[in-house]
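Step one of this worksheet: look at the structure below.
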Amino acid sequence: MGSFLALKVGLLEVPISEPFKESNWNNATQMIAKMIASTSPERVGFYSSGQVLVEDYYVANKLFKGFVGTSNIDSNSRTCIASSVVALQKAIGADIVPAQMSDVLHTDLIILIGANPAEAHVVFYEKYIKKALKEGKKLVVIDPRKTLSAKNANLHIPIKPGKDIDFLNAVAAKLIRDGYIDEAFCSKNLNNYEEFKASLESIDIEQSLQESGIIYQDFEKFINMIKESQKMVSVSSMGLNQSSQGVDKNLALFNLHFILNRIGTEGNGMLPETGQPNAMGGREVGALATMLSVHMDFSKKNREKVASFWKTDLATIPKKKGMTIMEMMEAAKEGKLDVLIIMHTDPVYSLPNRHAIEEALKNIPFVVEINAYDNTLTKEFVHMRLPAKPWGEKEGHHTNMERRISFNRAFYKGKGDAKEDWKILCEIAKKLGFGKHFKYKDANTIYKEFLEMTKLSDEQHMDHFKMDLKKINSSKENYRWGEEFFSKHKALTPNKKFNLHVVTNKHLSLEADEDYPFILLSIRTRDQWNSISKTGEIETLKRYKPLTFLEMHPHDAKELGISDGQSVRVSSQFGSVKTVVYLTEDIKPKSVAMPVSDRNINYLTSSIYDQESKEPDYNHTPVKIEKIYIP
């Protein structure tokens with residue numbers, strides 16, 4: 001762990017293809033301030049990451065929304081958890097995750113849908129789910145692949161990609177038609193129940209299952225498992241979120257919990273998994289284009305409260321949502337973005353339709369990368385690179401996927417010129433003339449200010465200020481905010497009732513055809529984190545699976561004359577990559593899968609995204625497979 005060997009800055013008048021030249025912190029931050037000040041706020045963007053701490057997020061949000069005056073500040077949480085966030089807001093009334101990991105130990109039935117924690121959330125799986133299975137809890141996995149999680153399940157339902165809404169609606173319809181649902185309870189305690197119920201009447205369950213690739217016996221087993229249980233926890237992740245209808249898929253799942261009254265008590269509820277360690281912390285701070293701060297929107301009342309708290313001009317506070325990262329890339333292609341600062345993330349690797357992202361970045365006059373690692377793909381498209389400290393070299397706070405706040409203690413001093421991200425941002429603020437508002441002596445000072453700011457929110461579940469910070473910082477305990485949420489009332493909607501939503505499959509993703517007959521899924525494997533910026537550097541690491549491969553069903557391979565281990569070209573309408581075939585019956589025919597540790601995977605994926613959450617559709621790309629002939 002550490003920083004770059006030297007601070008390097010590419011001069012603005014030099015093309016990004018030219019080598020970087022060494023500079024110093026004073027000159028670098030001065031140049032950034034100059035470029036921000038030379039354009040209008042709506043042409044400035046900031047893109048951050050769940051890899052930074054709450055303090056970094058908070059200073060970024062305060063600087064750009066409170067003093068620069070732009071709401072174009074987004075996080076890579078947009079690419080992993082945004083769909084479930086919007087769904088929670090629509091169904092519950094706020095972005096508050098109902099369940100926690102320990103709930104699987106107190107439930108009867110665990111449902112994994114679009115989630116593979118045995119490989120993507122290993123601690124959760126090993127510490128909680130495995131223990132729950134040993135104690136007799138039932139596990140159902142709904143996934144196109146027989147994942148490592150599915151291999152230990154009581155039931156695996158191998159659904160076709162893109163059919164989640166159809167299947168979940170069929171489950172709801174079956175439970176209602178069987179008279180299993182307490183109609184009086186639903187009518188009294190849920191909003192829109194009659195409308196929701198009516199929307200399911202026309203569903204032909206057998207046809208829906210056939211189109212979803214599910215045999216009726218598996219469907220019946222699942223229905224019976226629901227009926228035989230009293231408690232239910234669902235765990236969802238990228239398989240639902242990263243979709244053209246990610247919000248609707250989550251809502252279809254939430255609907256089941258609501259009509260079954262399986263939420264709000266121990267062993268009952270939904271647990272959307274995050275893909276980044278501090279994705280929750282960024283949402284609490286408000287470091288997303290779609291919110292102002294601490295779960296507050298851009299209403300006049302909230303803008304006045306925030307302006308007063310930050311001691312800034314009300315006229316500077318943005319009046320509306322900003323551009324999400326996908327919208328920033330669209331603006332860049334049209335020449336409408338002048339400055340983009342990227343902090344601790346690698347958009348060239350992680351954003352979809354990589355050719356389009358590369359062209360968009362080339363069209364931005366000034367791009368800055370702040371990162372702890374020197375092996376990003378984005379570095380080839382920036383004008384300035386600044387070294388920042390990773391988690392092991394700095395202290396601060398983060399919030400995990402179950403709303404639990406912990407203190408991060410530095411265990412390594414680090415070398416070189418690297419700084420904490422919040423210190424870099426404070427230096428930029430100083431150069432912009434806002435220095436007196438960013439005089440923080442340490443991370444704890446920033447966090448105390450954030451805790452005070454949570455008092456501004458009208459949403460009572462934002463009770464961070466109640467924590468004993470001394471105990472948190474001494475690592476004697478952690479704090480789960482919003483604990484009193486369900487003990488006081490059931491929802492944060494105006495009438496305290498959960499909102500049922502009528503959702504249907506609108507088929508917004510690209511479909512397979514004669515030219516591109518396979519649907520590509522993006523997957524995780526157990527032994528490496530997404531972009532392998534850390535694990536990829538460990539040459540002696542014994543991996544469960546290689547970093548790059550194409551998972552393919554033997555039947556499909558036979559039709560194409562492809563053998564196991566053969567080199568192939570995978571192509572979509574957006575690009576192509578080379579890889580090696582791995583044959584397995586664990587994937588459905590006409591579906592193929594590549595791990596996101598293949599850093600070229602997004603040359604294949606499309607720019608389609610959910611219109612509500614703005615989260616990209618990573619898991620439904622039509623592709624073709626061709627053998628590579630080596631003379």
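Going by the structure tokens order, chains are called A, B, ..., each with residues numbered from 1, while ligands are numbered from 1 in the order shown.
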| field | Every residue of range 263-306 of chain A that DSSP places in helix (DSSP H, G or I), as JSON, numbers by chain | value | {"A": [279, 280, 281, 282, 283, 284, 285, 300, 301, 302, 303, 304, 305, 306]}
May I have the residues from that selection written out with N, CA and C atoms, as a PDB file, in the first residue's frame?
ATOM      1  N   ALA A 279     -20.179   2.572   0.508  1.00  0.00           N
ATOM      2  CA  ALA A 279     -21.267   3.087  -0.337  1.00  0.00           C
ATOM      3  C   ALA A 279     -22.354   3.713   0.520  1.00  0.00           C
ATOM      4  N   MET A 280     -22.648   3.093   1.655  1.00  0.00           N
ATOM      5  CA  MET A 280     -23.669   3.631   2.552  1.00  0.00           C
ATOM      6  C   MET A 280     -23.246   4.988   3.104  1.00  0.00           C
ATOM      7  N   GLY A 281     -21.966   5.126   3.465  1.00  0.00           N
ATOM      8  CA  GLY A 281     -21.474   6.384   4.018  1.00  0.00           C
ATOM      9  C   GLY A 281     -21.618   7.538   3.049  1.00  0.00           C
ATOM     10  N   GLY A 282     -21.371   7.284   1.773  1.00  0.00           N
ATOM     11  CA  GLY A 282     -21.522   8.334   0.775  1.00  0.00           C
ATOM     12  C   GLY A 282     -22.962   8.779   0.630  1.00  0.00           C
ATOM     13  N   ARG A 283     -23.889   7.820   0.734  1.00  0.00           N
ATOM     14  CA  ARG A 283     -25.309   8.163   0.637  1.00  0.00           C
ATOM     15  C   ARG A 283     -25.753   8.987   1.850  1.00  0.00           C
ATOM     16  N   GLU A 284     -25.248   8.659   3.031  1.00  0.00           N
ATOM     17  CA  GLU A 284     -25.600   9.418   4.234  1.00  0.00           C
ATOM     18  C   GLU A 284     -25.146  10.874   4.117  1.00  0.00           C
ATOM     19  N   VAL A 285     -23.931  11.051   3.625  1.00  0.00           N
ATOM     20  CA  VAL A 285     -23.373  12.393   3.471  1.00  0.00           C
ATOM     21  C   VAL A 285     -24.154  13.187   2.427  1.00  0.00           C
ATOM     22  N   LYS A 300     -36.499  24.287  -1.265  1.00  0.00           N
ATOM     23  CA  LYS A 300     -36.063  25.599  -0.777  1.00  0.00           C
ATOM     24  C   LYS A 300     -35.768  25.544   0.731  1.00  0.00           C
ATOM     25  N   LYS A 301     -36.624  24.856   1.464  1.00  0.00           N
ATOM     26  CA  LYS A 301     -36.433  24.720   2.909  1.00  0.00           C
ATOM     27  C   LYS A 301     -35.101  24.048   3.220  1.00  0.00           C
ATOM     28  N   ASN A 302     -34.795  22.975   2.532  1.00  0.00           N
ATOM     29  CA  ASN A 302     -33.532  22.259   2.773  1.00  0.00           C
ATOM     30  C   ASN A 302     -32.335  23.082   2.331  1.00  0.00           C
ATOM     31  N   ARG A 303     -32.457  23.781   1.210  1.00  0.00           N
ATOM     32  CA  ARG A 303     -31.359  24.611   0.736  1.00  0.00           C
ATOM     33  C   ARG A 303     -31.045  25.713   1.749  1.00  0.00           C
ATOM     34  N   GLU A 304     -32.066  26.289   2.348  1.00  0.00           N
ATOM     35  CA  GLU A 304     -31.868  27.331   3.361  1.00  0.00           C
ATOM     36  C   GLU A 304     -31.169  26.770   4.594  1.00  0.00           C
ATOM     37  N   LYS A 305     -31.569  25.579   5.013  1.00  0.00           N
ATOM     38  CA  LYS A 305     -30.945  24.968   6.193  1.00  0.00           C
ATOM     39  C   LYS A 305     -29.472  24.645   5.929  1.00  0.00           C
ATOM     40  N   VAL A 306     -29.189  24.117   4.749  1.00  0.00           N
ATOM     41  CA  VAL A 306     -27.813  23.748   4.404  1.00  0.00           C
ATOM     42  C   VAL A 306     -26.942  24.995   4.255  1.00  0.00           C
TER      43      VAL A 306
END
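Residues in contact range of Ile628 in chain A, defined as at most 9 Å between only C-alpha atoms, with sequence neighbours fewer than 2 positions away removed, read A:Gln566, A:Ser567, A:Val568, A:Arg569, A:Lys578, A:Glu626, A:Ile630.
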Could you write out the selected residues, including C-alpha atoms, as a short mmCIF file (atom, residue, chain, number, x, y, z; two decimals), in the first residue's frame?
data_model
loop_
_atom_site.label_atom_id
_atom_site.label_comp_id
_atom_site.auth_asym_id
_atom_site.auth_seq_id
_atom_site.Cartn_x
_atom_site.Cartn_y
_atom_site.Cartn_z
CA GLN A 566 -9.89 -22.45 -26.45
CA SER A 567 -9.21 -18.80 -27.23
CA VAL A 568 -12.24 -16.92 -28.52
CA ARG A 569 -13.33 -13.45 -29.51
CA LYS A 578 -10.30 -11.86 -26.50
CA GLU A 626 -16.03 -16.74 -32.47
CA ILE A 630 -3.93 -19.55 -34.66
#
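Residues lying within 9 Å of Val294 in chain A, counting only C-alpha atoms and ignoring same-chain neighbours fewer than 2 positions away, are Arg283, Glu284, Val285, Gly286, Ala287, Met291, Leu292, Met296, Asp297, Phe450, Met453, Thr454, Lys455, Leu456, Ser457 and Met462 of chain A.
In this structure, CA of Glu55 in chain A sits 5.9 Å away from CA of Tyr447 in chain A.
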Residues at most 12 Å from range 572-575 of chain A, counting only C-alpha atoms, excluding those fewer than 6 positions away in the same chain, as an MDAnalysis selection string? chainID A and resid 352:357 510:513 515:520 600:608 620:626
*asked:* Write out as a list in words the set of residues from range 395-544 of chain A that DSSP, computed on the backbone, places in strand (DSSP E or B).
replied: Gly396, His397, His398, Thr399, Arg404, Ile405, Ser406, Phe407, Asn408, Lys419, Tyr479, Arg480, Phe498, Asn499, Phe518, Ile519, Leu520, Leu521, Ser522 and Ile523 of chain A
A straight line from CA of Ile96 in chain A to CA of Ala491 in chain A spans 10.0 Å
Query raised in the report: Any idea what's packed within 10 Å of Lys146 in chain A, counting only C-alpha atoms, ignoring anything in its chain fewer than 4 positions away? Could you give it as an NGL selection string?
Result: :A and (116 or 141-142 or 150-153 or 156-158 or 584-588)
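Near range 500-505 of chain A, within a cut-off of 9 Å and counting only C-alpha atoms, sit the residues Lys90, Ala91, Gly162, Lys163, Asp164, Ile165, Asp166, Asn169, Leu190, Asn191, Asn192, Tyr193, Glu195, Phe196, Lys197, Ser199, Leu200, Gln245, Asp248, Lys249, Leu251, Ala252, Phe254, Asn255, Phe258 and Ile259 of chain A, with same-chain residues fewer than 4 positions away left out.
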**Study point:** For Ile73 in chain A: contacts at 12 Å, only C-alpha atoms, fewer than 5 positions along chain excluded, given as a ChimeraX atom specification
**Key:** /A:41-49,57-66,68,78,282-283,285-293,318,321-328,339-343
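In this model, the gap between CA of Leu337 in chain A and CA of Asn72 in chain A comes to 10.1 Å.
When only C-alpha atoms are used to measure the gap to Ala99 in chain A, the shortest distance among A:Cys80, A:Ile263, A:Ile111, A:Met35 belongs to A:Ile263.
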